[in-house]
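**Student:** One structure is given below, represented as structure tokens, and several questions about it will come after.
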Amino acid sequence: MKQEYFEIGQIVNTFGIKGFVKVNPFTDDMERFAELKSVLVVKNKELIEMQIEEIKYQKNVVLIKFKGIEDINMAEKYKGCYIKIKRENARKLPKDTYFIADLIGMQVYDEQGNLLGKVNDIYNNKVHDIYVIKDDLGKQILLPSTKEVIKQIDMDNDRIVVHLIEGLV
């Protein structure tokens, strides 16, 4: 099942006294924030649509000024909140690339049809993504997302087929 919303960052602190918040981005491309006019902030399990007034970049964080948040005291209330966007506001992906959120939870099988587990997490090691596969007993397998290993991603059937190279498992 495709997710309706994507988490794109977390408000980790305030910045300055004029109401900016400091956001730890969860996206590969921080500049992506400049394309957004509004975002959804998760506060007390509610989605609050907030209009973006200004975006700045500082090292590896994004500084956002929301309309209506005029000082540090107002901004402080959003510390720790996650920021989401609707799927339709996400960038279109190139062919054969997927949103991590859509891959999490997919069942992973080897080429012989044996269930290895589900995708529990995906992280990047600078060279390529690493899929963390976890079975029902909690055993983990780490698989690189290379063409040699990931043979098929079937979104319709919630299934990934992998080729296990000797030494990986």
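Letters for chains follow the order of the structure tokens (A, B, ...), residue numbers begin at 1 for each chain, and ligand numbers begin at 1 in the order shown.
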Set out as a Markdown table a contact list for stretch 74-145 of chain A and stretch 9-30 of chain A with a cut-off of 6 Å, giving each residue of stretch 74-145 of chain A that qualifies its closest atom pair and distance in Å to one decimal, counting only C-alpha atoms, ordered by chain and rising residue number.

**Tutor:**
```
| residue | atom | partner | partner_atom | distance |
| --- | --- | --- | --- | --- |
| A:Ala75 | CA | A:Gly19 | CA | 5.2 |
| A:Lys79 | CA | A:Ile11 | CA | 5.4 |
| A:Gly80 | CA | A:Ile11 | CA | 5.3 |
| A:Cys81 | CA | A:Ile11 | CA | 5.4 |
| A:Tyr82 | CA | A:Gln10 | CA | 4.3 |
| A:Ile83 | CA | A:Gly9 | CA | 5.2 |
```

**Student:** Take the residues just selected and output them with C-alpha atoms as a compact mmCIF listing (two decimals), in the first residue's frame.

**Tutor:**
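And here is the file that came out, selection_27.txt:
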```
# COMPACT_ATOMS: atom_id res chain seq x y z
CA ALA A 75 8.74 28.55 17.03
CA LYS A 79 10.52 21.60 18.36
CA GLY A 80 10.62 17.84 17.77
CA CYS A 81 7.73 17.88 15.26
CA TYR A 82 8.05 16.02 11.98
CA ILE A 83 7.39 17.63 8.61
```

**Student:** Pick out the residues sitting within 10 Å of A:Ala90, and hand them over as a list in words; count only C-alpha atoms, and ignore anything fewer than 5 positions along from it in its own chain.

**Tutor:**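 Result of the neighbour search: Tyr5, Phe6, Ile8, Arg32, Leu36, Ile85 and Phe99 of chain A.
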
**Student:** Would you save the residues from that selection as a PDB file, in the first residue's frame, using N, CA, C and O atoms?

**Tutor:**
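Output below, filename selection.pdb:
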```pdb
ATOM      1  N   TYR A   5       1.511  10.204   2.673  1.00  0.00           N
ATOM      2  CA  TYR A   5       2.396  11.300   3.057  1.00  0.00           C
ATOM      3  C   TYR A   5       3.828  10.798   3.190  1.00  0.00           C
ATOM      4  O   TYR A   5       4.049   9.648   3.547  1.00  0.00           O
ATOM      5  N   PHE A   6       4.777  11.696   2.934  1.00  0.00           N
ATOM      6  CA  PHE A   6       6.190  11.383   3.121  1.00  0.00           C
ATOM      7  C   PHE A   6       6.779  12.314   4.167  1.00  0.00           C
ATOM      8  O   PHE A   6       6.579  13.534   4.106  1.00  0.00           O
ATOM      9  N   ILE A   8       9.659  14.420   5.432  1.00  0.00           N
ATOM     10  CA  ILE A   8      10.807  15.008   4.746  1.00  0.00           C
ATOM     11  C   ILE A   8      11.785  15.673   5.706  1.00  0.00           C
ATOM     12  O   ILE A   8      12.829  16.161   5.286  1.00  0.00           O
ATOM     13  N   ARG A  32      15.306  20.934  -2.328  1.00  0.00           N
ATOM     14  CA  ARG A  32      13.924  20.546  -2.581  1.00  0.00           C
ATOM     15  C   ARG A  32      12.949  21.384  -1.758  1.00  0.00           C
ATOM     16  O   ARG A  32      11.843  21.678  -2.189  1.00  0.00           O
ATOM     17  N   LEU A  36       8.730  24.079  -2.185  1.00  0.00           N
ATOM     18  CA  LEU A  36       7.476  23.895  -1.461  1.00  0.00           C
ATOM     19  C   LEU A  36       6.879  25.221  -1.015  1.00  0.00           C
ATOM     20  O   LEU A  36       7.592  26.088  -0.539  1.00  0.00           O
ATOM     21  N   ILE A  85       4.956  15.899   3.553  1.00  0.00           N
ATOM     22  CA  ILE A  85       4.302  16.443   2.359  1.00  0.00           C
ATOM     23  C   ILE A  85       3.369  15.367   1.827  1.00  0.00           C
ATOM     24  O   ILE A  85       3.550  14.180   2.099  1.00  0.00           O
ATOM     25  N   PHE A  99      10.429   5.348  -3.686  1.00  0.00           N
ATOM     26  CA  PHE A  99      10.489   6.029  -2.404  1.00  0.00           C
ATOM     27  C   PHE A  99      10.761   4.984  -1.322  1.00  0.00           C
ATOM     28  O   PHE A  99      10.141   3.914  -1.321  1.00  0.00           O
TER      29      PHE A  99
END
```

**Student:** Provide the atom CA of A:Asn89 to atom CA of A:Val42 distance in Å, to one decimal place.

**Tutor:** 16.7 Å

**Student:** May I have the residues within 9 Å of stretch 137-143 of chain A as a PyMOL selection string, using only C-alpha atoms and disregarding those fewer than 2 positions away in the same chain?

**Tutor:** chain A and resi 116-117+120+129-135+145-146+149-150+162+164+168-169

**Student:** Pick from A:Glu70, A:Glu88, A:Glu111, A:Glu148: nearest to A:Glu4, with only C-alpha atoms counted?

**Tutor:** A:Glu88

**Student:** DSSP on the backbone, then: every residue of stretch 60-158 of chain A marked strand (DSSP E or B), written as a compact mmCIF listing (two decimals) with N, CA and C atoms, in the first residue's frame.

**Tutor:**
```
# COMPACT_ATOMS: atom_id res chain seq x y z
N VAL A 61 21.50 21.64 7.51
CA VAL A 61 20.13 21.85 7.98
C VAL A 61 19.42 22.89 7.12
N VAL A 62 18.09 22.84 7.18
CA VAL A 62 17.26 23.79 6.46
C VAL A 62 16.63 24.70 7.52
N LEU A 63 16.65 25.99 7.27
CA LEU A 63 16.01 26.96 8.16
C LEU A 63 14.72 27.41 7.49
N ILE A 64 13.62 27.23 8.21
CA ILE A 64 12.31 27.56 7.64
C ILE A 64 11.61 28.60 8.51
N LYS A 65 11.06 29.60 7.84
CA LYS A 65 10.22 30.61 8.50
C LYS A 65 8.81 30.35 8.00
N PHE A 66 7.92 29.95 8.93
CA PHE A 66 6.53 29.72 8.59
C PHE A 66 5.73 31.00 8.78
N TYR A 82 7.64 16.49 13.30
CA TYR A 82 8.05 16.02 11.98
C TYR A 82 7.32 16.80 10.91
N ILE A 83 7.96 16.91 9.75
CA ILE A 83 7.39 17.63 8.61
C ILE A 83 7.10 16.62 7.51
N LYS A 84 5.88 16.70 6.96
CA LYS A 84 5.48 15.79 5.89
C LYS A 84 4.98 16.59 4.69
N ILE A 85 4.96 15.90 3.55
CA ILE A 85 4.30 16.44 2.36
C ILE A 85 3.37 15.37 1.83
N LYS A 86 2.37 15.79 1.06
CA LYS A 86 1.48 14.84 0.41
C LYS A 86 2.23 14.19 -0.75
N GLN A 107 7.90 -7.72 1.29
CA GLN A 107 8.43 -9.06 1.52
C GLN A 107 9.59 -9.30 0.55
N VAL A 108 10.64 -9.94 1.08
CA VAL A 108 11.84 -10.19 0.28
C VAL A 108 12.04 -11.70 0.14
N TYR A 109 12.19 -12.14 -1.11
CA TYR A 109 12.38 -13.56 -1.41
C TYR A 109 13.69 -13.75 -2.16
N ASP A 110 14.29 -14.95 -2.00
CA ASP A 110 15.44 -15.27 -2.84
C ASP A 110 14.91 -15.81 -4.17
N LEU A 115 11.14 -17.12 1.49
CA LEU A 115 10.94 -15.83 2.14
C LEU A 115 12.11 -15.55 3.08
N LEU A 116 12.79 -14.43 2.87
CA LEU A 116 13.93 -14.04 3.71
C LEU A 116 13.49 -13.13 4.85
N GLY A 117 12.40 -12.40 4.65
CA GLY A 117 11.92 -11.46 5.64
C GLY A 117 11.30 -10.25 4.96
N LYS A 118 11.23 -9.16 5.70
CA LYS A 118 10.66 -7.92 5.17
C LYS A 118 11.71 -6.82 5.22
N VAL A 119 11.56 -5.83 4.34
CA VAL A 119 12.43 -4.66 4.38
C VAL A 119 12.10 -3.90 5.65
N ASN A 120 13.07 -3.80 6.54
CA ASN A 120 12.88 -3.15 7.83
C ASN A 120 13.38 -1.71 7.81
N ASP A 121 14.43 -1.48 7.00
CA ASP A 121 15.03 -0.14 6.93
C ASP A 121 15.87 -0.07 5.67
N ILE A 122 16.17 1.13 5.24
CA ILE A 122 17.07 1.35 4.12
C ILE A 122 17.94 2.54 4.49
N TYR A 123 19.23 2.37 4.35
CA TYR A 123 20.13 3.50 4.60
C TYR A 123 21.17 3.58 3.51
N ASN A 124 21.83 4.70 3.40
CA ASN A 124 22.80 4.93 2.35
C ASN A 124 24.20 4.89 2.93
N ASP A 129 22.45 2.30 -1.64
CA ASP A 129 21.57 2.03 -0.51
C ASP A 129 21.81 0.61 0.00
N ILE A 130 21.57 0.43 1.29
CA ILE A 130 21.64 -0.88 1.93
C ILE A 130 20.24 -1.21 2.44
N TYR A 131 19.71 -2.33 2.00
CA TYR A 131 18.41 -2.80 2.47
C TYR A 131 18.63 -3.66 3.71
N VAL A 132 17.93 -3.34 4.78
CA VAL A 132 17.97 -4.13 6.00
C VAL A 132 16.75 -5.03 5.99
N ILE A 133 16.99 -6.34 5.83
CA ILE A 133 15.92 -7.32 5.76
C ILE A 133 15.87 -8.02 7.12
N LYS A 134 14.67 -8.10 7.70
CA LYS A 134 14.53 -8.73 9.02
C LYS A 134 13.46 -9.82 8.93
N GLN A 140 18.74 -10.35 10.94
CA GLN A 140 18.89 -9.32 9.90
C GLN A 140 19.84 -9.77 8.81
N ILE A 141 19.51 -9.36 7.61
CA ILE A 141 20.40 -9.52 6.45
C ILE A 141 20.56 -8.13 5.85
N LEU A 142 21.77 -7.75 5.54
CA LEU A 142 22.03 -6.46 4.89
C LEU A 142 22.36 -6.72 3.43
N LEU A 143 21.59 -6.11 2.54
CA LEU A 143 21.79 -6.32 1.11
C LEU A 143 22.03 -5.00 0.39
N PRO A 144 23.09 -4.95 -0.42
CA PRO A 144 23.33 -3.72 -1.20
C PRO A 144 22.30 -3.63 -2.33
N ILE A 150 19.56 -7.01 -6.22
CA ILE A 150 18.11 -6.73 -6.30
C ILE A 150 17.67 -7.05 -7.72
N LYS A 151 16.96 -8.17 -7.88
CA LYS A 151 16.59 -8.63 -9.22
C LYS A 151 15.24 -8.10 -9.68
N GLN A 152 14.29 -7.95 -8.73
CA GLN A 152 12.97 -7.49 -9.13
C GLN A 152 12.29 -6.80 -7.95
N ILE A 153 11.68 -5.66 -8.24
CA ILE A 153 10.84 -4.98 -7.25
C ILE A 153 9.45 -4.92 -7.87
N ASP A 154 8.53 -5.67 -7.25
CA ASP A 154 7.16 -5.78 -7.74
C ASP A 154 6.25 -5.03 -6.76
```

**Student:** Could you find all residues in stretch 4-166 of chain A that DSSP calls alpha helix (DSSP H) from the backbone, and write them as a PyMOL selection string?

**Tutor:** chain A and resi 72-76+100-103

**Student:** Could the residues in this selection be written to a file with N, CA, C and O atoms, as a PDB file, in the first residue's frame?

**Tutor:**
```pdb
ATOM      1  N   ILE A  72      10.715  33.541  18.558  1.00  0.00           N
ATOM      2  CA  ILE A  72      11.312  32.316  19.067  1.00  0.00           C
ATOM      3  C   ILE A  72      10.349  31.536  19.956  1.00  0.00           C
ATOM      4  O   ILE A  72      10.313  30.306  19.936  1.00  0.00           O
ATOM      5  N   ASN A  73       9.512  32.224  20.725  1.00  0.00           N
ATOM      6  CA  ASN A  73       8.565  31.546  21.620  1.00  0.00           C
ATOM      7  C   ASN A  73       7.528  30.744  20.832  1.00  0.00           C
ATOM      8  O   ASN A  73       7.169  29.630  21.221  1.00  0.00           O
ATOM      9  N   MET A  74       7.053  31.297  19.733  1.00  0.00           N
ATOM     10  CA  MET A  74       6.092  30.583  18.892  1.00  0.00           C
ATOM     11  C   MET A  74       6.769  29.396  18.208  1.00  0.00           C
ATOM     12  O   MET A  74       6.206  28.310  18.113  1.00  0.00           O
ATOM     13  N   ALA A  75       7.991  29.601  17.733  1.00  0.00           N
ATOM     14  CA  ALA A  75       8.744  28.551  17.034  1.00  0.00           C
ATOM     15  C   ALA A  75       9.079  27.396  17.971  1.00  0.00           C
ATOM     16  O   ALA A  75       9.062  26.228  17.561  1.00  0.00           O
ATOM     17  N   GLU A  76       9.345  27.714  19.222  1.00  0.00           N
ATOM     18  CA  GLU A  76       9.717  26.720  20.236  1.00  0.00           C
ATOM     19  C   GLU A  76       8.669  25.604  20.360  1.00  0.00           C
ATOM     20  O   GLU A  76       9.000  24.446  20.611  1.00  0.00           O
ATOM     21  N   ILE A 100      11.680   5.284  -0.429  1.00  0.00           N
ATOM     22  CA  ILE A 100      12.006   4.368   0.660  1.00  0.00           C
ATOM     23  C   ILE A 100      10.743   3.981   1.426  1.00  0.00           C
ATOM     24  O   ILE A 100      10.542   2.821   1.768  1.00  0.00           O
ATOM     25  N   ALA A 101       9.876   4.949   1.672  1.00  0.00           N
ATOM     26  CA  ALA A 101       8.644   4.686   2.420  1.00  0.00           C
ATOM     27  C   ALA A 101       7.798   3.597   1.768  1.00  0.00           C
ATOM     28  O   ALA A 101       7.103   2.851   2.456  1.00  0.00           O
ATOM     29  N   ASP A 102       7.856   3.475   0.434  1.00  0.00           N
ATOM     30  CA  ASP A 102       7.079   2.456  -0.265  1.00  0.00           C
ATOM     31  C   ASP A 102       7.737   1.083  -0.185  1.00  0.00           C
ATOM     32  O   ASP A 102       7.067   0.060  -0.331  1.00  0.00           O
ATOM     33  N   LEU A 103       9.058   1.038   0.008  1.00  0.00           N
ATOM     34  CA  LEU A 103       9.771  -0.241   0.063  1.00  0.00           C
ATOM     35  C   LEU A 103       9.745  -0.862   1.460  1.00  0.00           C
ATOM     36  O   LEU A 103       9.798  -2.085   1.595  1.00  0.00           O
TER      37      LEU A 103
END
```
